[in-house]
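Chemist: Quick one: the structure is below, and I'll ask about it shortly.
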Amino acid sequence: MGSNVEKKIVVVTGFGPFGVHKVNSSWAAVKELVKTGLDNPSIELVTVEIPLMVHVGVSGSATGIVVEKLAHNDGYCSQDVCGMCPLSTVCVENGPDILQTDFDVELVCNCINNSNCGVTAVSSYDPGRYLCDYCYYTSLKVKPSAVIFIHVPPLNKLYSAAQLAGGLRIAIATLLEQIKS
């Protein structure tokens, strides 16, 4: 008789080669994990090599897609929805004040604005000193050549989910082109 236990899905990611790392140990370890498994039949392991990490968050003040250029290490003093806040108000102790993405953010915005997706895009230097900024900073710390953060406005304020997805589709295609070149 088959089990009706729903499998839990665990996504494990790794990165490809970059800089002096011709073989990225993160992806090598993830591929090895695929061979050995997790020793738990109730868990489905999904693995992916990530050429691009696109974080998407909502911003109540956004009037279109907002592509973030950088993230801040300090100034985190607002509680999240669970009432938590970093004890030291920083992402990374002794980390740089600001980390920037390696992507050409203006190019991403121009491609969205010059498309027929019907959504406008602008660049920003302020992801908000909240979860979005924190997440972006910690991701940029790992690989600034593969990470971007995009804010979208609340649904149906100006755009539907389908329209926002159209803008995100163009952003992602533009980012992937930048990785190729």
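Residue numbering restarts at 1 in every chain; chains get A, B, ... in the order shown in the structure tokens, and ligands count up from 1 in that same order.
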Go through stretch 83-124 of chain A and flag each residue having an atom no more than 6 Å from stretch 58-70 of chain A; for those, report the closest pair of atoms plus their distance in Å to one decimal, using only C-alpha atoms, ordered by chain and rising number, as a Markdown table.

Modeler:
```
| residue | atom | partner | partner_atom | distance |
| --- | --- | --- | --- | --- |
| A:Leu99 | CA | A:Leu70 | CA | 5.5 |
| A:Gln100 | CA | A:Leu70 | CA | 4.1 |
| A:Thr101 | CA | A:Lys69 | CA | 5.9 |
| A:Thr120 | CA | A:Gly64 | CA | 5.2 |
| A:Ala121 | CA | A:Ile65 | CA | 4.5 |
| A:Val122 | CA | A:Val66 | CA | 5.1 |
| A:Ser123 | CA | A:Val67 | CA | 4.8 |
| A:Ser124 | CA | A:Glu68 | CA | 4.8 |
```

Chemist: Go ahead and save the picked residues with N, CA and C atoms, as a short mmCIF file (atom, residue, chain, number, x, y, z; two decimals), in the first residue's frame.

Modeler:
```
data_model
loop_
_atom_site.label_atom_id
_atom_site.label_comp_id
_atom_site.auth_asym_id
_atom_site.auth_seq_id
_atom_site.Cartn_x
_atom_site.Cartn_y
_atom_site.Cartn_z
N LEU A 99 26.98 47.34 -0.95
CA LEU A 99 27.38 46.41 -2.00
C LEU A 99 26.53 46.71 -3.22
N GLN A 100 27.14 46.69 -4.40
CA GLN A 100 26.42 46.99 -5.64
C GLN A 100 26.38 45.76 -6.53
N THR A 101 25.29 45.64 -7.28
CA THR A 101 25.22 44.58 -8.28
C THR A 101 26.16 44.91 -9.43
N THR A 120 6.28 50.43 -16.47
CA THR A 120 7.45 51.31 -16.44
C THR A 120 8.44 50.80 -15.41
N ALA A 121 9.71 51.16 -15.61
CA ALA A 121 10.76 50.74 -14.69
C ALA A 121 11.70 51.90 -14.41
N VAL A 122 12.19 51.96 -13.18
CA VAL A 122 13.18 52.94 -12.76
C VAL A 122 14.23 52.23 -11.92
N SER A 123 15.39 52.85 -11.82
CA SER A 123 16.44 52.31 -10.95
C SER A 123 16.35 53.00 -9.59
N SER A 124 16.97 52.37 -8.60
CA SER A 124 16.91 52.90 -7.24
C SER A 124 18.20 52.60 -6.50
#
```

Chemist: Among the residues of chain A, find those DSSP assigns to helix (DSSP H, G or I) from the backbone and print them as a PyMOL selection string.

Modeler: chain A and resi 25-36+105-113+131-142+161-180

Chemist: Considering only C-alpha atoms, return as a PyMOL selection string whatever protein or nucleic-acid residues lie within 12 Å of A:Asp133, sequence-local ones (same chain, fewer than 5 positions apart) excluded.

Modeler: chain A and resi 55-59+68-76+78+90-91+98-100+124-128+138-140+148-151

Chemist: Write out as a PyMOL selection string the residues lying within 8 Å of stretch 169-174 of chain A, counting only C-alpha atoms and excluding same-chain residues fewer than 3 positions away.

Modeler: chain A and resi 54+107-109+111-112+165-166+177-178

Chemist: Output all heavy atoms of each residue in that selection to a file, as a CSV table (one decimal), in the first residue's frame.

Modeler:
```csv
chain,number,residue,atom,x,y,z
A,54,VAL,N,17.1,36.3,-8.9
A,54,VAL,CA,16.3,37.5,-9.0
A,54,VAL,C,15.4,37.5,-7.7
A,54,VAL,O,14.5,36.7,-7.6
A,54,VAL,CB,15.4,37.6,-10.2
A,54,VAL,CG1,14.6,38.8,-10.3
A,54,VAL,CG2,16.3,37.5,-11.5
A,107,LEU,N,20.3,49.6,-18.1
A,107,LEU,CA,20.0,48.9,-19.3
A,107,LEU,C,18.7,48.1,-19.1
A,107,LEU,O,17.8,48.0,-20.0
A,107,LEU,CB,21.1,48.0,-19.7
A,107,LEU,CG,20.9,47.1,-21.0
A,107,LEU,CD1,20.6,47.9,-22.2
A,107,LEU,CD2,22.1,46.1,-21.2
A,108,VAL,N,18.6,47.4,-17.9
A,108,VAL,CA,17.4,46.6,-17.6
A,108,VAL,C,16.2,47.5,-17.7
A,108,VAL,O,15.2,47.2,-18.3
A,108,VAL,CB,17.6,46.0,-16.2
A,108,VAL,CG1,16.3,45.3,-15.8
A,108,VAL,CG2,18.7,45.0,-16.2
A,109,CYS,N,16.3,48.7,-17.0
A,109,CYS,CA,15.1,49.6,-17.0
A,109,CYS,C,14.8,50.1,-18.4
A,109,CYS,O,13.6,50.1,-18.8
A,109,CYS,CB,15.4,50.8,-16.1
A,109,CYS,SG,15.6,50.4,-14.4
A,111,CYS,N,15.3,48.6,-21.2
A,111,CYS,CA,14.7,47.5,-22.0
A,111,CYS,C,13.2,47.3,-21.6
A,111,CYS,O,12.3,47.1,-22.5
A,111,CYS,CB,15.4,46.2,-21.8
A,111,CYS,SG,17.0,46.2,-22.7
A,112,ILE,N,12.9,47.4,-20.3
A,112,ILE,CA,11.5,47.3,-19.9
A,112,ILE,C,10.7,48.5,-20.5
A,112,ILE,O,9.6,48.3,-21.0
A,112,ILE,CB,11.4,47.3,-18.4
A,112,ILE,CG1,12.0,46.0,-17.8
A,112,ILE,CG2,9.9,47.4,-17.9
A,112,ILE,CD1,12.2,45.9,-16.3
A,165,ALA,N,4.5,40.5,-14.3
A,165,ALA,CA,5.3,39.4,-14.8
A,165,ALA,C,5.9,39.6,-16.2
A,165,ALA,O,7.0,39.2,-16.4
A,165,ALA,CB,4.3,38.1,-14.9
A,166,GLY,N,5.1,40.4,-17.0
A,166,GLY,CA,5.7,40.8,-18.3
A,166,GLY,C,6.9,41.6,-18.2
A,166,GLY,O,7.9,41.4,-18.9
A,177,GLU,N,21.2,38.1,-20.8
A,177,GLU,CA,22.0,38.6,-21.9
A,177,GLU,C,23.3,39.2,-21.4
A,177,GLU,O,24.4,39.1,-22.0
A,177,GLU,CB,21.3,39.6,-22.8
A,177,GLU,CG,20.3,38.9,-23.7
A,177,GLU,CD,21.0,38.0,-24.7
A,177,GLU,OE1,22.0,38.3,-25.3
A,177,GLU,OE2,20.4,36.9,-24.9
A,178,GLN,N,23.2,39.9,-20.3
A,178,GLN,CA,24.4,40.5,-19.7
A,178,GLN,C,25.4,39.5,-19.2
A,178,GLN,O,26.6,39.6,-19.2
A,178,GLN,CB,24.0,41.5,-18.6
A,178,GLN,CG,23.4,42.8,-19.0
A,178,GLN,CD,23.1,43.7,-17.9
A,178,GLN,OE1,24.0,44.0,-17.0
A,178,GLN,NE2,21.9,44.3,-17.9
```

Chemist: So how far away is atom CA of A:Lys7 from atom CA of A:Asn40, in Å?

Modeler: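 So the two atoms, atom CA of A:Asn40 and atom CA of A:Lys7, lie 9.8 Å apart.
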